[in-house]
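Text of entry-v3.txt (compact mmCIF, C-alpha atoms) as supplied:
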```txt
# COMPACT_ATOMS: atom_id res chain seq x y z
CA MET A 1 -11.92 26.96 -4.53
CA VAL A 2 -14.26 24.32 -5.89
CA SER A 3 -13.18 21.52 -8.21
CA GLU A 4 -13.97 22.45 -11.79
CA SER A 5 -15.75 19.24 -12.64
CA PRO A 6 -19.06 19.09 -10.77
CA SER A 7 -19.83 15.70 -12.36
CA SER A 8 -16.85 14.23 -10.53
CA PRO A 9 -17.16 14.84 -6.77
CA GLY A 10 -14.16 15.19 -4.52
CA PHE A 11 -10.83 16.85 -4.98
CA ARG A 12 -8.12 16.25 -7.48
CA ALA A 13 -4.46 16.45 -6.53
CA GLY A 14 -4.19 19.80 -8.33
CA ASP A 15 -6.91 21.26 -6.08
CA LEU A 16 -4.51 21.02 -3.14
CA LEU A 17 -2.42 23.80 -4.63
CA ALA A 18 -5.42 26.14 -4.79
CA LEU A 19 -6.35 25.76 -1.11
CA SER A 20 -5.20 28.12 1.61
CA PRO A 21 -2.12 26.72 3.40
CA ALA A 22 -4.15 26.13 6.57
CA GLU A 23 -6.85 24.11 4.78
CA ARG A 24 -4.33 22.27 2.64
CA ARG A 25 -2.32 21.15 5.68
CA VAL A 26 -5.45 19.70 7.27
CA LEU A 27 -6.45 17.91 4.07
CA GLN A 28 -2.95 16.51 3.51
CA TRP A 29 -2.87 15.22 7.06
CA LEU A 30 -6.28 13.59 6.61
CA MET A 31 -4.97 11.90 3.47
CA ARG A 32 -2.38 10.13 5.61
CA GLN A 33 -4.74 9.45 8.53
CA GLY A 34 -7.73 8.19 6.58
CA SER A 35 -10.16 10.08 8.82
CA ALA A 36 -10.16 12.17 12.00
CA SER A 37 -12.48 14.13 14.27
CA ALA A 38 -12.32 17.90 14.78
CA ARG A 39 -10.77 17.22 18.15
CA GLU A 40 -7.99 15.11 16.62
CA VAL A 41 -7.32 17.78 14.01
CA ALA A 42 -7.20 20.40 16.78
CA GLU A 43 -4.68 18.31 18.71
CA ARG A 44 -2.50 17.68 15.68
CA PHE A 45 -2.34 21.35 14.67
CA GLU A 46 -2.42 22.74 18.21
CA MET A 47 -5.47 24.92 17.69
CA PRO A 48 -8.85 25.27 19.42
CA GLU A 49 -11.37 22.60 18.43
CA GLU A 50 -13.72 25.31 17.18
CA GLU A 51 -11.10 26.56 14.73
CA ALA A 52 -10.44 23.01 13.51
CA GLY A 53 -14.18 22.63 12.98
CA ILE A 54 -14.27 25.81 10.87
CA ARG A 55 -11.50 24.50 8.62
CA LEU A 56 -13.13 21.11 8.27
CA ASP A 57 -16.49 22.68 7.47
CA ALA A 58 -14.84 24.80 4.78
CA LEU A 59 -13.32 21.67 3.24
CA GLU A 60 -16.67 19.91 3.45
CA LYS A 61 -18.44 22.77 1.67
CA GLN A 62 -15.96 22.45 -1.18
CA GLY A 63 -16.68 18.73 -1.37
CA PHE A 64 -13.15 17.80 -0.38
CA VAL A 65 -14.07 15.95 2.81
CA VAL A 66 -17.18 14.02 3.84
CA THR A 67 -18.45 13.40 7.35
CA GLU A 68 -19.09 10.07 8.99
CA THR A 69 -21.23 9.91 12.09
CA ALA A 70 -21.82 6.18 12.43
CA ALA A 71 -20.09 5.76 15.79
CA GLY A 72 -18.81 8.35 18.23
CA PRO A 73 -17.98 11.93 17.28
CA THR A 74 -18.26 13.15 13.70
CA SER A 75 -15.20 12.19 11.72
CA TYR A 76 -14.00 13.73 8.49
CA ARG A 77 -12.67 11.70 5.60
CA PRO A 78 -10.99 13.06 2.45
CA GLU A 79 -13.14 12.70 -0.64
CA PHE A 80 -10.90 12.00 -3.63
CA GLY A 81 -12.08 12.66 -7.14
CA HIS A 82 -11.73 10.02 -9.83
CA SER A 83 -8.60 10.30 -11.95
CA ARG A 84 -9.24 11.99 -15.25
CA PRO A 85 -9.38 9.62 -18.22
CA ALA A 86 -7.22 10.37 -21.21
CA ARG A 87 -8.60 12.56 -23.98
CA LYS A 88 -10.89 10.73 -26.34
CA PRO A 89 -8.74 9.22 -29.10
CA PRO A 90 -9.90 8.63 -32.66
CA SER A 91 -12.87 6.26 -32.72
CA GLY A 92 -12.10 2.58 -32.69
CA ILE A 93 -8.73 2.76 -30.96
CA TRP A 94 -9.93 1.60 -27.54
CA GLY A 95 -11.91 -1.19 -29.14
CA LYS A 96 -8.86 -2.44 -30.97
CA LEU A 97 -6.78 -2.36 -27.79
CA GLU A 98 -9.44 -4.05 -25.67
CA GLY A 99 -8.56 -7.50 -26.91
CA SER A 100 -4.84 -7.08 -26.13
CA MET B 1 4.65 4.81 11.43
CA GLY B 2 6.83 4.13 8.39
CA LYS B 3 8.03 6.72 5.93
CA ILE B 4 6.68 7.32 2.44
CA ILE B 5 9.36 8.26 -0.05
CA SER B 6 8.42 9.43 -3.54
CA VAL B 7 11.13 9.08 -6.14
CA HIS B 8 10.51 11.41 -9.02
CA SER B 9 12.12 12.98 -12.04
CA PHE B 10 10.67 15.67 -14.24
CA ARG B 11 11.86 13.97 -17.39
CA GLY B 12 12.23 10.35 -18.45
CA GLY B 13 15.52 8.52 -18.79
CA THR B 14 17.11 9.79 -15.57
CA GLY B 15 17.54 6.27 -14.14
CA LYS B 16 14.76 6.84 -11.59
CA SER B 17 13.54 3.24 -11.43
CA ASN B 18 17.08 1.92 -11.26
CA VAL B 19 17.93 4.29 -8.39
CA THR B 20 14.64 3.42 -6.64
CA ALA B 21 15.33 -0.31 -6.82
CA ASN B 22 18.88 0.13 -5.57
CA LEU B 23 17.91 2.38 -2.67
CA ALA B 24 15.12 -0.01 -1.68
CA ALA B 25 17.53 -2.95 -1.69
CA LEU B 26 20.13 -1.01 0.29
CA LEU B 27 17.54 0.03 2.87
CA ALA B 28 16.51 -3.61 3.19
CA ARG B 29 20.17 -4.49 3.57
CA LEU B 30 20.18 -2.13 6.56
CA GLY B 31 17.52 -4.37 8.08
CA LYS B 32 14.45 -2.34 7.01
CA ARG B 33 11.11 -3.63 5.75
CA VAL B 34 10.73 -1.89 2.42
CA GLY B 35 7.84 -1.66 -0.02
CA ILE B 36 8.03 -0.38 -3.59
CA VAL B 37 4.99 0.66 -5.62
CA ASP B 38 5.25 1.12 -9.36
CA THR B 39 2.80 3.98 -9.93
CA ASP B 40 4.24 4.53 -13.38
CA ILE B 41 1.11 2.87 -14.70
CA GLN B 42 1.64 4.09 -18.25
CA SER B 43 5.14 2.63 -18.51
CA PRO B 44 5.84 0.19 -15.65
CA GLY B 45 9.22 -1.48 -15.47
CA ILE B 46 10.83 -1.65 -12.03
CA HIS B 47 9.78 -5.32 -11.65
CA VAL B 48 12.49 -6.19 -14.19
CA LEU B 49 15.24 -5.21 -11.75
CA PHE B 50 13.83 -7.67 -9.22
CA ASN B 51 13.67 -10.45 -11.78
CA LEU B 52 9.89 -10.62 -11.40
CA SER B 53 8.50 -11.59 -14.78
CA PRO B 54 4.94 -10.53 -15.66
CA GLU B 55 3.95 -14.21 -15.98
CA ARG B 56 4.74 -14.64 -12.28
CA PHE B 57 2.45 -11.92 -10.96
CA ARG B 58 -1.21 -12.76 -10.75
CA TYR B 59 -2.21 -9.30 -9.59
CA ALA B 60 -0.74 -5.88 -10.28
CA LEU B 61 -1.48 -2.39 -8.98
CA ASN B 62 -4.06 -2.06 -11.76
CA ASP B 63 -6.08 -4.98 -10.31
CA TYR B 64 -6.13 -3.36 -6.89
CA LEU B 65 -7.34 -0.07 -8.42
CA TRP B 66 -10.18 -1.94 -10.12
CA GLY B 67 -11.20 -3.68 -6.89
CA LYS B 68 -10.10 -7.12 -8.02
CA CYS B 69 -7.78 -7.75 -5.07
CA ARG B 70 -6.53 -6.34 -1.81
CA ILE B 71 -3.36 -4.25 -2.02
CA GLU B 72 -1.26 -6.85 -0.18
CA GLU B 73 -2.34 -9.48 -2.72
CA ALA B 74 -0.59 -7.40 -5.38
CA ALA B 75 2.58 -7.23 -3.24
CA TYR B 76 5.32 -9.72 -4.08
CA ASP B 77 8.10 -10.61 -1.71
CA VAL B 78 11.23 -9.99 -3.74
CA SER B 79 13.62 -10.35 -0.81
CA GLY B 80 15.22 -13.19 -2.76
CA VAL B 81 17.48 -10.63 -4.44
CA LEU B 82 19.17 -10.13 -1.07
CA GLU B 83 19.98 -13.81 -0.57
CA GLY B 84 23.49 -15.19 -0.93
CA ARG B 85 25.04 -11.75 -0.84
CA ARG B 86 26.98 -11.74 2.39
CA LEU B 87 24.11 -10.16 4.25
CA LYS B 88 23.24 -10.61 7.89
CA ASP B 89 20.04 -9.36 9.46
CA ALA B 90 18.72 -8.11 6.14
CA GLY B 91 15.15 -6.82 6.13
CA SER B 92 12.62 -7.54 3.43
CA LEU B 93 11.52 -6.19 0.06
CA HIS B 94 7.95 -6.13 -1.25
CA LEU B 95 7.08 -4.97 -4.75
CA ILE B 96 3.71 -3.94 -6.17
CA PRO B 97 4.24 -4.01 -9.93
CA GLY B 98 2.25 -2.28 -12.63
CA SER B 99 0.49 -4.46 -15.17
CA MET B 100 2.38 -5.25 -18.37
CA ARG B 101 -0.78 -6.18 -20.28
CA THR B 102 -1.52 -3.72 -23.08
CA GLY B 103 -5.29 -3.84 -22.50
CA GLU B 104 -4.89 -3.13 -18.79
CA ILE B 105 -2.60 -0.15 -19.34
CA THR B 106 -4.97 1.32 -21.91
CA ARG B 107 -7.96 0.71 -19.63
CA ILE B 108 -6.36 2.91 -16.97
CA LEU B 109 -5.78 5.58 -19.61
CA ARG B 110 -9.32 5.29 -20.90
CA ASP B 111 -11.31 5.01 -17.65
CA GLY B 112 -9.04 6.58 -15.02
CA TYR B 113 -9.24 5.11 -11.52
CA ASP B 114 -10.25 5.83 -7.94
CA VAL B 115 -7.47 8.06 -6.61
CA GLY B 116 -8.71 7.58 -3.04
CA LEU B 117 -8.12 3.86 -3.44
CA LEU B 118 -4.53 4.50 -4.48
CA ASN B 119 -4.01 6.66 -1.41
CA SER B 120 -5.62 4.20 1.00
CA GLY B 121 -3.64 1.41 -0.67
CA PHE B 122 -0.39 3.13 0.31
CA GLN B 123 -1.54 3.47 3.93
CA GLU B 124 -2.87 -0.11 4.13
CA LEU B 125 0.32 -1.47 2.66
CA MET B 126 2.42 0.32 5.27
CA GLU B 127 0.25 -1.04 8.04
CA ARG B 128 -0.37 -4.60 6.87
CA LEU B 129 3.20 -5.34 5.80
CA GLU B 130 4.59 -3.35 8.74
CA LEU B 131 6.82 -1.38 6.40
CA THR B 132 9.47 1.00 7.66
CA HIS B 133 9.80 2.59 4.19
CA LEU B 134 7.49 2.74 1.20
CA LEU B 135 9.15 3.91 -2.02
CA ILE B 136 6.86 5.19 -4.75
CA ASP B 137 8.30 4.99 -8.26
CA THR B 138 6.39 7.75 -10.04
CA HIS B 139 5.73 8.57 -13.67
CA PRO B 140 8.02 11.37 -14.93
CA GLY B 141 6.62 14.87 -15.16
CA VAL B 142 3.76 16.42 -13.26
CA ASN B 143 0.49 14.48 -13.23
CA GLU B 144 -2.23 13.28 -10.88
CA GLU B 145 -0.25 10.40 -9.36
CA THR B 146 2.85 12.52 -8.95
CA LEU B 147 1.06 15.31 -7.12
CA LEU B 148 -0.76 12.82 -4.93
CA SER B 149 2.41 10.99 -4.00
CA ILE B 150 4.28 14.23 -3.32
CA ALA B 151 1.38 15.45 -1.13
CA ILE B 152 1.47 12.38 1.11
CA SER B 153 5.23 11.88 1.20
CA ASP B 154 7.55 12.34 4.13
CA ILE B 155 10.48 12.46 1.75
CA LEU B 156 10.70 13.47 -1.91
CA LEU B 157 13.77 12.34 -3.82
CA LEU B 158 14.31 14.08 -7.15
CA ILE B 159 16.55 12.42 -9.72
CA LEU B 160 18.07 14.63 -12.39
CA ARG B 161 20.85 14.59 -14.93
CA PRO B 162 23.27 17.45 -15.42
CA ASP B 163 21.23 18.68 -18.36
CA GLN B 164 19.56 22.03 -18.99
CA GLN B 165 16.14 20.49 -19.65
CA ASP B 166 16.36 18.52 -16.40
CA TYR B 167 17.44 21.63 -14.50
CA GLN B 168 14.42 23.66 -15.64
CA GLY B 169 11.93 20.85 -15.05
CA THR B 170 13.32 20.01 -11.64
CA ALA B 171 12.80 23.63 -10.57
CA ILE B 172 9.07 23.13 -11.16
CA THR B 173 8.96 20.00 -9.01
CA VAL B 174 10.95 21.69 -6.24
CA GLU B 175 8.45 24.54 -6.28
CA LEU B 176 5.54 22.09 -6.02
CA ALA B 177 7.22 20.30 -3.12
CA ARG B 178 7.61 23.64 -1.34
CA GLN B 179 3.97 24.54 -1.90
CA LEU B 180 2.90 21.14 -0.58
CA GLU B 181 5.34 21.50 2.34
CA VAL B 182 7.00 18.13 1.93
CA GLU B 183 8.92 17.48 5.12
CA GLN B 184 12.20 16.65 3.42
CA THR B 185 13.29 16.98 -0.20
CA PHE B 186 16.53 15.52 -1.50
CA MET B 187 18.16 15.36 -4.92
CA LEU B 188 20.40 12.83 -6.58
CA VAL B 189 22.31 13.73 -9.73
CA ASN B 190 22.69 10.80 -12.12
CA LYS B 191 24.67 10.21 -15.30
CA ALA B 192 27.25 12.91 -14.63
CA ILE B 193 30.17 12.87 -17.04
CA ASN B 194 33.27 14.44 -15.52
CA PRO B 195 34.32 12.94 -12.14
CA ARG B 196 36.65 15.88 -11.47
CA ASP B 197 33.61 18.17 -11.50
CA PHE B 198 31.38 16.14 -9.14
CA THR B 199 32.04 18.15 -6.00
CA ALA B 200 31.50 21.46 -7.80
CA LEU B 201 28.40 20.06 -9.52
CA LYS B 202 26.91 19.02 -6.20
CA GLN B 203 27.56 22.47 -4.76
CA ARG B 204 26.06 24.19 -7.80
CA VAL B 205 22.87 22.15 -7.66
CA GLU B 206 22.51 22.63 -3.91
CA SER B 207 22.99 26.37 -4.10
CA THR B 208 20.60 26.69 -7.07
CA TYR B 209 17.69 24.76 -5.56
CA HIS B 210 18.49 25.01 -1.84
CA VAL B 211 17.90 21.29 -1.58
CA PRO B 212 20.46 18.79 -0.21
CA VAL B 213 22.09 16.59 -2.87
CA LEU B 214 22.56 13.02 -1.64
CA GLY B 215 25.21 12.25 -4.21
CA VAL B 216 26.42 12.47 -7.78
CA LEU B 217 26.39 9.24 -9.78
CA PRO B 218 28.55 8.93 -12.89
CA LEU B 219 27.32 7.88 -16.29
CA SER B 220 28.50 4.33 -15.79
CA GLY B 221 29.24 1.78 -18.46
CA ASP B 222 29.04 -0.93 -15.79
CA VAL B 223 25.45 0.08 -14.92
CA ALA B 224 24.56 0.13 -18.62
CA ILE B 225 26.09 -3.30 -19.21
CA LEU B 226 24.01 -4.78 -16.39
CA GLY B 227 21.00 -3.48 -18.30
CA SER B 228 18.47 -3.70 -15.43
CA GLY B 229 19.28 -7.41 -15.16
CA ASP B 230 20.00 -7.14 -11.44
CA ILE B 231 20.23 -4.68 -8.56
CA PHE B 232 23.55 -3.00 -9.32
CA ALA B 233 24.54 -2.23 -5.72
CA LEU B 234 23.99 -5.83 -4.67
CA ALA B 235 25.76 -7.29 -7.68
CA ASN B 236 28.68 -4.84 -7.35
CA PRO B 237 29.16 -4.16 -3.62
CA ASP B 238 32.62 -2.66 -4.03
CA HIS B 239 31.87 -0.41 -7.00
CA PRO B 240 32.16 3.42 -6.60
CA VAL B 241 28.54 3.78 -7.80
CA THR B 242 27.47 1.53 -4.94
CA SER B 243 29.30 3.71 -2.42
CA VAL B 244 27.29 6.76 -3.51
CA LEU B 245 24.03 4.80 -3.37
CA GLU B 246 24.87 3.42 0.07
CA ALA B 247 25.51 6.90 1.41
CA ALA B 248 22.20 8.06 -0.07
CA ALA B 249 20.31 5.15 1.51
CA GLN B 250 21.86 5.86 4.90
CA ARG B 251 20.92 9.54 4.65
CA ILE B 252 17.34 8.65 3.75
CA ASP B 253 17.18 6.18 6.62
CA ALA B 254 18.42 8.83 9.03
CA ALA B 255 16.00 11.51 7.79
```
Write the structure described by the file as structure tokens, please.
Amino acid sequence: MVSESPSSPGFRAGDLLALSPAERRVLQWLMRQGSASAREVAERFEMPEEEAGIRLDALEKQGFVVTETAAGPTSYRPEFGHSRPARKPPSGIWGKLEGS
Amino acid sequence: MGKIISVHSFRGGTGKSNVTANLAALLARLGKRVGIVDTDIQSPGIHVLFNLSPERFRYALNDYLWGKCRIEEAAYDVSGVLEGRRLKDAGSLHLIPGSMRTGEITRILRDGYDVGLLNSGFQELMERLELTHLLIDTHPGVNEETLLSIAISDILLLILRPDQQDYQGTAITVELARQLEVEQTFMLVNKAINPRDFTALKQRVESTYHVPVLGVLPLSGDVAILGSGDIFALANPDHPVTSVLEAAAQRIDAA
């Protein structure tokens, strides 16, 4: 499931509910960890590293995680989308509130 | 690693912020290092219970979300509320308030914010302030911040009144918590009317939602009279309301 707004990369909190339980668990864990390698994901969820890599790749393809390879093994970091601004109100309202 | 506790209610007016402030203070009274984040950006208010006036905070959560400060710079040590209250070995309390400036609230509504920054702010706060518990005071209903906080929480505490609208709405939040596999969900019923019915009420709610109820708080005139001017449980240590809150804090601590 890909986020509906291609102009805003990353996932929104609501996207979590559309993921498979297996992918969602990995993503939720990454949200708490900040980032992790496929090996660390495999250890946390007690699965083969290859399987962890498949889940992480699936999340990457959906734009929900990004990889970092600066030092050591590839690590995966959750890619959050920007929160959605409120609907556009009648013209002039924001301008009037700006000075508050 | 400390625990993240989201305190949520589906509808407004349940006493969520009041309960959050009291539980945070009671956890600190148990010797814990407790953080509170007011993610109710649209209608912040928990700072009032800690006697932290908006003039006294240079930075708020909004400033952190706009990259103006580090998260710990928006954290205020409000442990002063614990002082002079017959407490030994009390822990500490740290509050990240929401901005009370109209322009800053509307800017969040207009521009949104970096949700990843909010998430990393929670984690950094836990680490840098060495917190044992981080309580997130959420905006009522289901929205981006609520879902995010539920998704990263170890514990979700749902506050509801014995009211049909609250019952229906709470069912939605319970369902979301199940889908997101929150480790532990609790409920606290607030503003209940008939004390003779409290035990039966607790049993009804537990059997309906299959979620443990930490306690039933009465609709209290004493709480209303205090009017968010203080932390009720600290100001009234021997009050029956305080006993329920203390038991809830102990259960959360043990979870």
Per residue of chain B within 8 Å of chain A, note the shortest atom pair and the distance in Å to one decimal, counting all atoms listed in the file, and order the rows by chain and increasing residue number, as a tab-separated table.
```
residue	atom	partner	partner_atom	distance
B:Arg101	CA	A:Ser100	CA	7.2
B:Thr102	CA	A:Ser100	CA	5.6
B:Gly103	CA	A:Ser100	CA	4.9
B:Thr106	CA	A:Leu97	CA	7.2
B:Arg107	CA	A:Glu98	CA	7.8
B:Ile108	CA	A:Pro85	CA	7.5
B:Leu109	CA	A:Ala86	CA	5.3
B:Arg110	CA	A:Pro85	CA	5.1
B:Asp111	CA	A:Pro85	CA	5.0
B:Gly112	CA	A:Pro85	CA	4.4
B:Tyr113	CA	A:Ser83	CA	5.2
B:Asp114	CA	A:His82	CA	4.8
B:Val115	CA	A:His82	CA	5.7
B:Gly116	CA	A:Phe80	CA	5.0
B:Asn119	CA	A:Met31	CA	7.2
B:Ser120	CA	A:Gly34	CA	7.2
B:Gln123	CA	A:Arg32	CA	6.9
B:Glu144	CA	A:Ala13	CA	5.8
B:Glu145	CA	A:Ala13	CA	7.9
B:Leu147	CA	A:Ala13	CA	5.7
B:Leu148	CA	A:Ala13	CA	5.4
B:Ala151	CA	A:Gln28	CA	6.4
B:Ile152	CA	A:Arg32	CA	6.3
B:Gln179	CA	A:Leu17	CA	7.0
B:Leu180	CA	A:Leu17	CA	7.2
```
Go ahead and save the residues from that selection, with C-alpha atoms, as a PDB file, in the coordinates of the input.
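This went into part08.pdb:
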```
ATOM      1  CA  ARG B 101      -0.780  -6.180 -20.280  1.00  0.00           C
ATOM      2  CA  THR B 102      -1.520  -3.720 -23.080  1.00  0.00           C
ATOM      3  CA  GLY B 103      -5.290  -3.840 -22.500  1.00  0.00           C
ATOM      4  CA  THR B 106      -4.970   1.320 -21.910  1.00  0.00           C
ATOM      5  CA  ARG B 107      -7.960   0.710 -19.630  1.00  0.00           C
ATOM      6  CA  ILE B 108      -6.360   2.910 -16.970  1.00  0.00           C
ATOM      7  CA  LEU B 109      -5.780   5.580 -19.610  1.00  0.00           C
ATOM      8  CA  ARG B 110      -9.320   5.290 -20.900  1.00  0.00           C
ATOM      9  CA  ASP B 111     -11.310   5.010 -17.650  1.00  0.00           C
ATOM     10  CA  GLY B 112      -9.040   6.580 -15.020  1.00  0.00           C
ATOM     11  CA  TYR B 113      -9.240   5.110 -11.520  1.00  0.00           C
ATOM     12  CA  ASP B 114     -10.250   5.830  -7.940  1.00  0.00           C
ATOM     13  CA  VAL B 115      -7.470   8.060  -6.610  1.00  0.00           C
ATOM     14  CA  GLY B 116      -8.710   7.580  -3.040  1.00  0.00           C
ATOM     15  CA  ASN B 119      -4.010   6.660  -1.410  1.00  0.00           C
ATOM     16  CA  SER B 120      -5.620   4.200   1.000  1.00  0.00           C
ATOM     17  CA  GLN B 123      -1.540   3.470   3.930  1.00  0.00           C
ATOM     18  CA  GLU B 144      -2.230  13.280 -10.880  1.00  0.00           C
ATOM     19  CA  GLU B 145      -0.250  10.400  -9.360  1.00  0.00           C
ATOM     20  CA  LEU B 147       1.060  15.310  -7.120  1.00  0.00           C
ATOM     21  CA  LEU B 148      -0.760  12.820  -4.930  1.00  0.00           C
ATOM     22  CA  ALA B 151       1.380  15.450  -1.130  1.00  0.00           C
ATOM     23  CA  ILE B 152       1.470  12.380   1.110  1.00  0.00           C
ATOM     24  CA  GLN B 179       3.970  24.540  -1.900  1.00  0.00           C
ATOM     25  CA  LEU B 180       2.900  21.140  -0.580  1.00  0.00           C
TER      26      LEU B 180
END
```
Interatomic distance (Å, one decimal) between atom CA of B:Phe50 and atom CA of B:Ile231: 7.1 Å
Residues within 8 Å of B:Ser153, only C-alpha atoms, excluding chain neighbours under 3 positions, as JSON, numbers by chain: {"B": [3, 4, 5, 6, 149, 150, 156, 182, 183]}
Centre, x/y/z edge lengths, axis-aligned box for stretch 70-81 of chain A with 3 Å per side, as lines of an AutoDock Vina configuration file:
```
center_x = -16.4
center_y = 9.7
center_z = 5.5
size_x = 16.9
size_y = 14.0
size_z = 31.4
```
Point-to-point distance from atom CA of A:Ser35 to atom CA of B:Arg70, Å rounded to tenths: 19.9 Å
Distance query 8 Å from (5.8, -1.0, -0.5) using only C-alpha atoms, result as a tab-separated table (two decimals) with C-alpha atoms, in the frame of the given file:
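Result file part.tsv:
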```tsv
chain	number	residue	atom	x	y	z
B	34	VAL	CA	10.73	-1.89	2.42
B	35	GLY	CA	7.84	-1.66	-0.02
B	36	ILE	CA	8.03	-0.38	-3.59
B	37	VAL	CA	4.99	0.66	-5.62
B	75	ALA	CA	2.58	-7.23	-3.24
B	93	LEU	CA	11.52	-6.19	0.06
B	94	HIS	CA	7.95	-6.13	-1.25
B	95	LEU	CA	7.08	-4.97	-4.75
B	96	ILE	CA	3.71	-3.94	-6.17
B	122	PHE	CA	-0.39	3.13	0.31
B	125	LEU	CA	0.32	-1.47	2.66
B	126	MET	CA	2.42	0.32	5.27
B	131	LEU	CA	6.82	-1.38	6.40
B	133	HIS	CA	9.80	2.59	4.19
B	134	LEU	CA	7.49	2.74	1.20
B	135	LEU	CA	9.15	3.91	-2.02
B	136	ILE	CA	6.86	5.19	-4.75
```
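The coordinates place atom CA of B:Arg161 at 5.1 Å from atom CA of B:Asn190.
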Stretch 42-47 of chain A surroundings by all atoms listed in the file, 10 Å radius, close-in-sequence under 3 positions cut, as a list of chain:residue names: A:Ala22, A:Arg25, A:Val26, A:Trp29, A:Ala36, A:Ser37, A:Ala38, A:Arg39, A:Glu50, A:Glu51, A:Ala52, A:Gly53
Nearby residues, (-0.6, -12.0, -8.5) file frame, 12 Å, all atoms listed in the file, as a VMD selection string: chain B and resid 52 to 64 68 to 77 95 to 99
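Distances here use all atoms listed in the file; by that measure, the residue among B:Arg11, B:Arg251, B:Arg29, B:Arg178 closest to B:Val213 is B:Arg251.
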